[in-house]
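So this block is input_27.cif, mmCIF, C-alpha atoms, pLDDT in the B column; chains and numbers go by the auth columns:
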```
data_entry
#
loop_
_atom_site.group_PDB
_atom_site.id
_atom_site.type_symbol
_atom_site.label_atom_id
_atom_site.label_comp_id
_atom_site.label_asym_id
_atom_site.label_seq_id
_atom_site.Cartn_x
_atom_site.Cartn_y
_atom_site.Cartn_z
_atom_site.B_iso_or_equiv
_atom_site.auth_seq_id
_atom_site.auth_asym_id
ATOM 1 C CA MET A 1 -87.021 -104.611 107.223 42.00 1 A
ATOM 2 C CA LYS A 2 -83.959 -104.868 109.454 47.00 2 A
ATOM 3 C CA PRO A 3 -82.214 -101.490 109.278 48.00 3 A
ATOM 4 C CA SER A 4 -78.441 -101.326 108.949 68.00 4 A
ATOM 5 C CA THR A 5 -78.228 -98.237 111.190 77.00 5 A
ATOM 6 C CA THR A 6 -80.471 -97.963 114.227 82.00 6 A
ATOM 7 C CA THR A 7 -80.627 -95.165 116.793 86.00 7 A
ATOM 8 C CA VAL A 8 -82.608 -95.581 119.998 88.00 8 A
ATOM 9 C CA ILE A 9 -83.239 -92.518 122.184 89.00 9 A
ATOM 10 C CA VAL A 10 -84.973 -92.520 125.575 90.00 10 A
ATOM 11 C CA ASN A 11 -85.726 -89.028 126.928 87.00 11 A
ATOM 12 C CA LEU A 12 -86.711 -88.142 130.485 85.00 12 A
ATOM 13 C CA THR A 13 -88.701 -84.903 130.273 83.00 13 A
ATOM 14 C CA ASP A 14 -91.005 -82.687 132.306 78.00 14 A
ATOM 15 C CA HIS A 15 -93.574 -83.291 129.564 74.00 15 A
ATOM 16 C CA PRO A 16 -93.210 -85.561 126.496 72.00 16 A
ATOM 17 C CA SER A 17 -93.383 -82.525 124.209 74.00 17 A
ATOM 18 C CA GLY A 18 -90.583 -80.647 126.019 76.00 18 A
ATOM 19 C CA ASP A 19 -86.801 -80.755 125.816 80.00 19 A
ATOM 20 C CA PRO A 20 -85.316 -83.691 127.729 84.00 20 A
ATOM 21 C CA GLU A 21 -83.566 -83.304 131.054 85.00 21 A
ATOM 22 C CA THR A 22 -81.680 -86.524 130.307 85.00 22 A
ATOM 23 C CA SER A 23 -81.374 -88.631 127.166 88.00 23 A
ATOM 24 C CA TRP A 24 -80.009 -92.121 126.803 87.00 24 A
ATOM 25 C CA ILE A 25 -78.835 -92.667 123.225 87.00 25 A
ATOM 26 C CA ILE A 26 -77.442 -95.661 121.437 84.00 26 A
ATOM 27 C CA ALA A 27 -76.533 -95.915 117.774 80.00 27 A
ATOM 28 C CA LEU A 28 -75.970 -99.401 116.400 77.00 28 A
ATOM 29 C CA GLU A 29 -74.929 -100.815 113.064 72.00 29 A
ATOM 30 C CA SER A 30 -76.686 -103.843 111.569 69.00 30 A
ATOM 31 C CA LEU A 31 -79.223 -104.423 114.317 72.00 31 A
ATOM 32 C CA ASP A 32 -80.698 -107.908 114.012 72.00 32 A
ATOM 33 C CA PHE A 33 -83.860 -107.061 115.934 74.00 33 A
ATOM 34 C CA PRO A 34 -87.300 -106.616 114.335 77.00 34 A
ATOM 35 C CA VAL A 35 -88.723 -103.102 114.466 80.00 35 A
ATOM 36 C CA ASP A 36 -91.853 -104.292 116.306 85.00 36 A
ATOM 37 C CA ASP A 37 -89.695 -105.873 119.006 87.00 37 A
ATOM 38 C CA VAL A 38 -87.783 -102.622 119.574 87.00 38 A
ATOM 39 C CA MET A 39 -91.096 -100.755 119.901 90.00 39 A
ATOM 40 C CA SER A 40 -92.378 -103.348 122.368 91.00 40 A
ATOM 41 C CA GLU A 41 -89.222 -103.123 124.487 90.00 41 A
ATOM 42 C CA LEU A 42 -89.477 -99.336 124.615 91.00 42 A
ATOM 43 C CA GLU A 43 -93.155 -99.491 125.593 91.00 43 A
ATOM 44 C CA LYS A 44 -92.199 -101.641 128.593 89.00 44 A
ATOM 45 C CA LEU A 45 -90.170 -98.724 129.988 87.00 45 A
ATOM 46 C CA THR A 46 -93.368 -96.687 130.391 84.00 46 A
ATOM 47 C CA TRP A 47 -94.727 -99.282 132.850 83.00 47 A
ATOM 48 C CA LEU A 48 -91.777 -99.148 135.285 77.00 48 A
ATOM 49 C CA ALA A 49 -93.877 -97.625 138.050 67.00 49 A
ATOM 50 C CA GLY A 50 -96.167 -100.669 138.059 69.00 50 A
ATOM 51 C CA ASP A 51 -99.226 -98.401 137.909 71.00 51 A
ATOM 52 C CA GLU A 52 -102.553 -99.231 136.328 81.00 52 A
ATOM 53 C CA TYR A 53 -101.598 -96.983 133.397 80.00 53 A
ATOM 54 C CA PRO A 54 -98.236 -96.314 131.748 81.00 54 A
ATOM 55 C CA ALA A 55 -96.326 -93.117 132.479 78.00 55 A
ATOM 56 C CA MET A 56 -97.238 -90.148 130.276 82.00 56 A
ATOM 57 C CA SER A 57 -95.064 -90.702 127.235 85.00 57 A
ATOM 58 C CA SER A 58 -94.589 -90.368 123.499 87.00 58 A
ATOM 59 C CA LEU A 59 -93.093 -93.144 121.370 91.00 59 A
ATOM 60 C CA ARG A 60 -92.340 -92.636 117.710 90.00 60 A
ATOM 61 C CA SER A 61 -90.252 -94.360 115.109 89.00 61 A
ATOM 62 C CA ARG A 62 -89.205 -93.679 111.577 85.00 62 A
ATOM 63 C CA GLN A 63 -87.461 -95.727 108.938 80.00 63 A
ATOM 64 C CA GLY A 64 -85.913 -94.882 105.628 75.00 64 A
ATOM 65 C CA ILE A 65 -83.202 -95.426 103.067 74.00 65 A
ATOM 66 C CA HIS A 66 -80.368 -93.054 102.234 67.00 66 A
ATOM 67 C CA ASN A 67 -78.814 -93.365 98.784 68.00 67 A
ATOM 68 C CA TRP A 68 -75.401 -91.916 98.048 65.00 68 A
ATOM 69 C CA GLY A 69 -73.979 -94.495 95.698 62.00 69 A
ATOM 70 C CA ALA A 70 -74.696 -97.348 98.077 60.00 70 A
ATOM 71 C CA SER A 71 -78.020 -97.710 99.854 58.00 71 A
ATOM 72 C CA ASN A 72 -78.138 -97.620 103.628 70.00 72 A
ATOM 73 C CA SER A 73 -81.344 -98.179 105.547 75.00 73 A
ATOM 74 C CA PHE A 74 -81.932 -96.580 108.932 78.00 74 A
ATOM 75 C CA ALA A 75 -84.365 -96.634 111.802 82.00 75 A
ATOM 76 C CA GLU A 76 -84.804 -94.203 114.662 86.00 76 A
ATOM 77 C CA PHE A 77 -86.847 -94.784 117.802 89.00 77 A
ATOM 78 C CA VAL A 78 -87.565 -91.974 120.261 90.00 78 A
ATOM 79 C CA LEU A 79 -89.318 -92.551 123.583 90.00 79 A
ATOM 80 C CA SER A 80 -90.032 -89.506 125.748 88.00 80 A
ATOM 81 C CA ILE A 81 -91.248 -90.209 129.279 84.00 81 A
ATOM 82 C CA ALA A 82 -92.651 -87.452 131.497 81.00 82 A
ATOM 83 C CA SER A 83 -90.822 -87.396 134.831 69.00 83 A
ATOM 84 C CA GLY A 84 -93.979 -86.222 136.607 63.00 84 A
ATOM 85 C CA GLY A 85 -95.780 -89.393 135.547 47.00 85 A
ATOM 86 C CA ILE A 86 -93.138 -91.797 136.768 53.00 86 A
ATOM 87 C CA GLY A 87 -94.589 -91.917 140.283 48.00 87 A
ATOM 88 C CA GLY A 88 -91.433 -91.206 142.229 50.00 88 A
ATOM 89 C CA LEU A 89 -89.208 -93.783 140.584 53.00 89 A
ATOM 90 C CA SER A 90 -85.630 -92.617 140.791 55.00 90 A
ATOM 91 C CA ALA A 91 -83.524 -91.867 137.744 63.00 91 A
ATOM 92 C CA MET A 92 -81.351 -94.807 138.813 69.00 92 A
ATOM 93 C CA VAL A 93 -84.214 -97.272 138.204 76.00 93 A
ATOM 94 C CA ILE A 94 -84.824 -95.802 134.761 77.00 94 A
ATOM 95 C CA ASP A 95 -81.095 -95.738 134.043 75.00 95 A
ATOM 96 C CA THR A 96 -80.796 -99.425 134.977 81.00 96 A
ATOM 97 C CA ALA A 97 -83.787 -100.392 132.808 85.00 97 A
ATOM 98 C CA VAL A 98 -82.467 -98.437 129.812 84.00 98 A
ATOM 99 C CA ARG A 99 -78.978 -99.910 130.205 82.00 99 A
ATOM 100 C CA ASP A 100 -80.496 -103.405 130.318 86.00 100 A
ATOM 101 C CA LEU A 101 -82.469 -102.705 127.126 87.00 101 A
ATOM 102 C CA PHE A 102 -79.380 -101.280 125.422 83.00 102 A
ATOM 103 C CA ARG A 103 -77.369 -104.342 126.487 81.00 103 A
ATOM 104 C CA ARG A 104 -79.960 -106.627 124.864 83.00 104 A
ATOM 105 C CA LEU A 105 -79.916 -104.539 121.679 81.00 105 A
ATOM 106 C CA CYS A 106 -76.110 -104.557 121.614 77.00 106 A
ATOM 107 C CA GLU A 107 -76.060 -108.328 121.824 76.00 107 A
ATOM 108 C CA ARG A 108 -77.997 -108.389 118.538 74.00 108 A
ATOM 109 C CA ALA A 109 -75.901 -105.766 116.697 71.00 109 A
ATOM 110 C CA ASN A 110 -72.672 -105.514 114.767 63.00 110 A
ATOM 111 C CA GLY A 111 -70.213 -102.662 114.994 57.00 111 A
ATOM 112 C CA ASP A 112 -66.941 -101.421 113.572 53.00 112 A
ATOM 113 C CA ASP A 113 -63.653 -102.303 115.246 50.00 113 A
ATOM 114 C CA TRP A 114 -62.487 -99.227 117.173 53.00 114 A
ATOM 115 C CA GLY A 115 -59.983 -101.157 119.256 58.00 115 A
ATOM 116 C CA ASP A 116 -59.862 -101.022 123.037 64.00 116 A
ATOM 117 C CA ALA A 117 -60.950 -97.417 123.500 71.00 117 A
ATOM 118 C CA ILE A 118 -62.307 -94.403 121.685 80.00 118 A
ATOM 119 C CA SER A 119 -60.030 -91.366 121.727 87.00 119 A
ATOM 120 C CA GLU A 120 -61.051 -88.423 123.874 91.00 120 A
ATOM 121 C CA GLU A 121 -61.149 -86.240 120.754 92.00 121 A
ATOM 122 C CA SER A 122 -63.512 -88.613 118.908 89.00 122 A
ATOM 123 C CA ALA A 123 -65.693 -88.995 122.004 90.00 123 A
ATOM 124 C CA CYS A 124 -65.860 -85.205 122.382 94.00 124 A
ATOM 125 C CA GLN A 125 -67.033 -84.860 118.749 92.00 125 A
ATOM 126 C CA VAL A 126 -69.777 -87.452 119.324 89.00 126 A
ATOM 127 C CA ALA A 127 -70.872 -85.678 122.535 93.00 127 A
ATOM 128 C CA ARG A 128 -70.977 -82.241 120.900 94.00 128 A
ATOM 129 C CA SER A 129 -72.967 -83.601 117.966 91.00 129 A
ATOM 130 C CA ARG A 130 -75.565 -85.298 120.189 90.00 130 A
ATOM 131 C CA ILE A 131 -75.982 -82.258 122.452 93.00 131 A
ATOM 132 C CA ALA A 132 -76.309 -79.980 119.413 92.00 132 A
ATOM 133 C CA THR A 133 -78.980 -82.239 117.914 88.00 133 A
ATOM 134 C CA GLN A 134 -80.954 -82.863 121.105 87.00 134 A
ATOM 135 C CA TYR A 135 -80.885 -79.311 122.481 89.00 135 A
ATOM 136 C CA SER A 136 -80.685 -77.264 119.246 88.00 136 A
ATOM 137 C CA VAL A 137 -77.415 -75.541 120.134 91.00 137 A
ATOM 138 C CA PRO A 138 -74.492 -74.983 117.752 93.00 138 A
ATOM 139 C CA SER A 139 -71.783 -77.505 118.669 92.00 139 A
ATOM 140 C CA ASP A 140 -69.015 -74.946 118.122 92.00 140 A
ATOM 141 C CA GLU A 141 -70.514 -72.881 120.975 94.00 141 A
ATOM 142 C CA LEU A 142 -69.902 -75.693 123.497 95.00 142 A
ATOM 143 C CA THR A 143 -66.743 -75.287 125.572 95.00 143 A
ATOM 144 C CA VAL A 144 -65.343 -78.271 127.479 96.00 144 A
ATOM 145 C CA GLN A 145 -65.341 -77.546 131.217 96.00 145 A
ATOM 146 C CA ARG A 146 -64.365 -80.989 132.492 96.00 146 A
ATOM 147 C CA THR A 147 -63.367 -84.382 131.112 96.00 147 A
ATOM 148 C CA GLU A 148 -63.126 -87.697 132.960 95.00 148 A
ATOM 149 C CA THR A 149 -62.037 -91.014 131.471 92.00 149 A
ATOM 150 C CA ASP A 150 -63.037 -94.425 132.831 89.00 150 A
ATOM 151 C CA THR A 151 -60.661 -96.889 131.180 84.00 151 A
ATOM 152 C CA ALA A 152 -62.385 -99.931 132.718 82.00 152 A
ATOM 153 C CA GLN A 153 -65.766 -98.968 131.210 79.00 153 A
ATOM 154 C CA ARG A 154 -64.172 -97.493 128.060 82.00 154 A
ATOM 155 C CA THR A 155 -66.058 -94.208 128.504 88.00 155 A
ATOM 156 C CA HIS A 156 -65.398 -90.485 128.532 93.00 156 A
ATOM 157 C CA GLU A 157 -67.578 -88.069 130.497 94.00 157 A
ATOM 158 C CA PHE A 158 -67.732 -84.414 129.496 96.00 158 A
ATOM 159 C CA LEU A 159 -69.191 -81.267 130.988 96.00 159 A
ATOM 160 C CA PHE A 160 -69.754 -78.446 128.480 97.00 160 A
ATOM 161 C CA ARG A 161 -70.742 -74.810 128.917 95.00 161 A
ATOM 162 C CA HIS A 162 -72.687 -73.217 126.101 94.00 162 A
ATOM 163 C CA ALA A 163 -72.039 -69.615 125.049 88.00 163 A
ATOM 164 C CA ASP A 164 -75.416 -68.599 126.583 89.00 164 A
ATOM 165 C CA GLY A 165 -74.389 -69.979 130.011 90.00 165 A
ATOM 166 C CA ARG A 166 -76.255 -73.297 129.933 92.00 166 A
ATOM 167 C CA THR A 167 -74.379 -76.426 130.994 95.00 167 A
ATOM 168 C CA PHE A 168 -74.625 -79.873 129.391 96.00 168 A
ATOM 169 C CA GLY A 169 -73.055 -83.235 130.135 95.00 169 A
ATOM 170 C CA ALA A 170 -72.383 -86.375 128.134 94.00 170 A
ATOM 171 C CA VAL A 171 -71.034 -89.883 128.578 92.00 171 A
ATOM 172 C CA VAL A 172 -69.593 -91.411 125.402 90.00 172 A
ATOM 173 C CA GLY A 173 -68.144 -94.860 125.090 84.00 173 A
ATOM 174 C CA LEU A 174 -67.779 -97.941 122.986 73.00 174 A
ATOM 175 C CA VAL A 175 -70.834 -100.072 122.566 67.00 175 A
ATOM 176 C CA LYS A 176 -70.364 -103.190 120.483 61.00 176 A
ATOM 177 C CA ASP A 177 -67.024 -101.717 119.333 59.00 177 A
ATOM 178 C CA ALA A 178 -68.557 -98.546 117.895 62.00 178 A
ATOM 179 C CA PRO A 179 -68.562 -95.088 119.507 62.00 179 A
ATOM 180 C CA THR A 180 -71.934 -93.972 120.734 73.00 180 A
ATOM 181 C CA CYS A 181 -73.300 -91.348 123.072 70.00 181 A
ATOM 182 C CA MET A 182 -74.723 -93.297 125.968 80.00 182 A
ATOM 183 C CA ARG A 183 -76.254 -90.446 127.942 86.00 183 A
ATOM 184 C CA ILE A 184 -76.556 -86.661 127.684 89.00 184 A
ATOM 185 C CA TRP A 185 -78.188 -84.206 130.059 90.00 185 A
ATOM 186 C CA ARG A 186 -78.624 -80.539 130.722 89.00 186 A
ATOM 187 C CA VAL A 187 -77.716 -79.138 134.099 83.00 187 A
ATOM 188 C CA ALA A 188 -80.447 -77.094 135.748 65.00 188 A
ATOM 189 C CA ALA A 189 -79.585 -73.411 136.015 59.00 189 A
ATOM 190 C CA ALA A 190 -78.556 -72.302 139.504 53.00 190 A
ATOM 191 C CA SER A 191 -80.948 -69.849 141.089 47.00 191 A
ATOM 192 C CA GLY A 192 -79.786 -66.776 142.903 45.00 192 A
ATOM 193 C CA SER A 193 -78.102 -63.518 142.113 39.00 193 A
#
```
Go ahead and render the structure in this file as structure tokens.
Amino acid sequence: MKPSTTTVIVNLTDHPSGDPETSWIIALESLDFPVDDVMSELEKLTWLAGDEYPAMSSLRSRQGIHNWGASNSFAEFVLSIASGGIGGLSAMVIDTAVRDLFRRLCERANGDDWGDAISEESACQVARSRIATQYSVPSDELTVQRTETDTAQRTHEFLFRHADGRTFGAVVGLVKDAPTCMRIWRVAAASGS
């Protein structure tokens, strides 16, 4: 089965069962990539340290069909990698590897035509939705603290403050002409008085 909607999430966590510090997320329409190949590509990310064993991780996938007049199949892949098991590899190495994987997936996907850029308002909605889903916070309790736009990369970067004081960030852009949340993260709480 080749799903018509595919979401791939790579989480960097303290422990694979915990909330992610950083998540790389891509949502693609009509991915022409077999499910087993996506799983294999994600498994490769756990071997980035070049150790005898992969980094402590959890990889799961699910597939299904939604029916609401017209059927739409979906697939979701979630890889959580424990940062303690990465053996000192920097987040930049992981970021580069994930971006390379996402680039390969994008080359095999179709998307909707959103033109040259996604609006800041649409990007903000995508960011809020992804943060709400990943960190179990109501999206209407996220207040925008900062916004930056990179017109060359067709991305918007946001910094949000939640009503409880936590801070979250997101980069949203166009991938294969469809808006997607490329990376979200939570900012560690500052210690002190």
Could you tell me how far atom CA of A:Phe168 sits from atom CA of A:Thr149, in Å to one decimal place? 16.9 Å
Residues within 9 Å of A:Ile94, only C-alpha atoms, excluding chain neighbours under 6 positions, as a list in words: Leu12, Leu45 and Leu48 of chain A
Give me, please, the distance in Å between atom CA of A:Asp100 and atom CA of A:Ser73, quoted to one decimal.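 Separation of atom CA of A:Asp100 and atom CA of A:Ser73: 25.3 Å.
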Hey, what comes out of the PyMOL selection byres ((chain A and resi 42) around 9) on this file? Could you write it as an MDAnalysis selection string? chainID A and resid 10 37:41 43:46 59 77:79 98 101
Length of the atom CA of A:Phe160 to atom CA of A:Thr147 vector [Å]: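 Going from atom CA of A:Phe160 over to atom CA of A:Thr147 covers 9.1 Å.
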Evaluate the PyMOL selection byres ((chain A and resi 152) around 12) against this structure - the residues, as a PyMOL selection string, please. chain A and resi 116-117+149-151+153-156+173-174
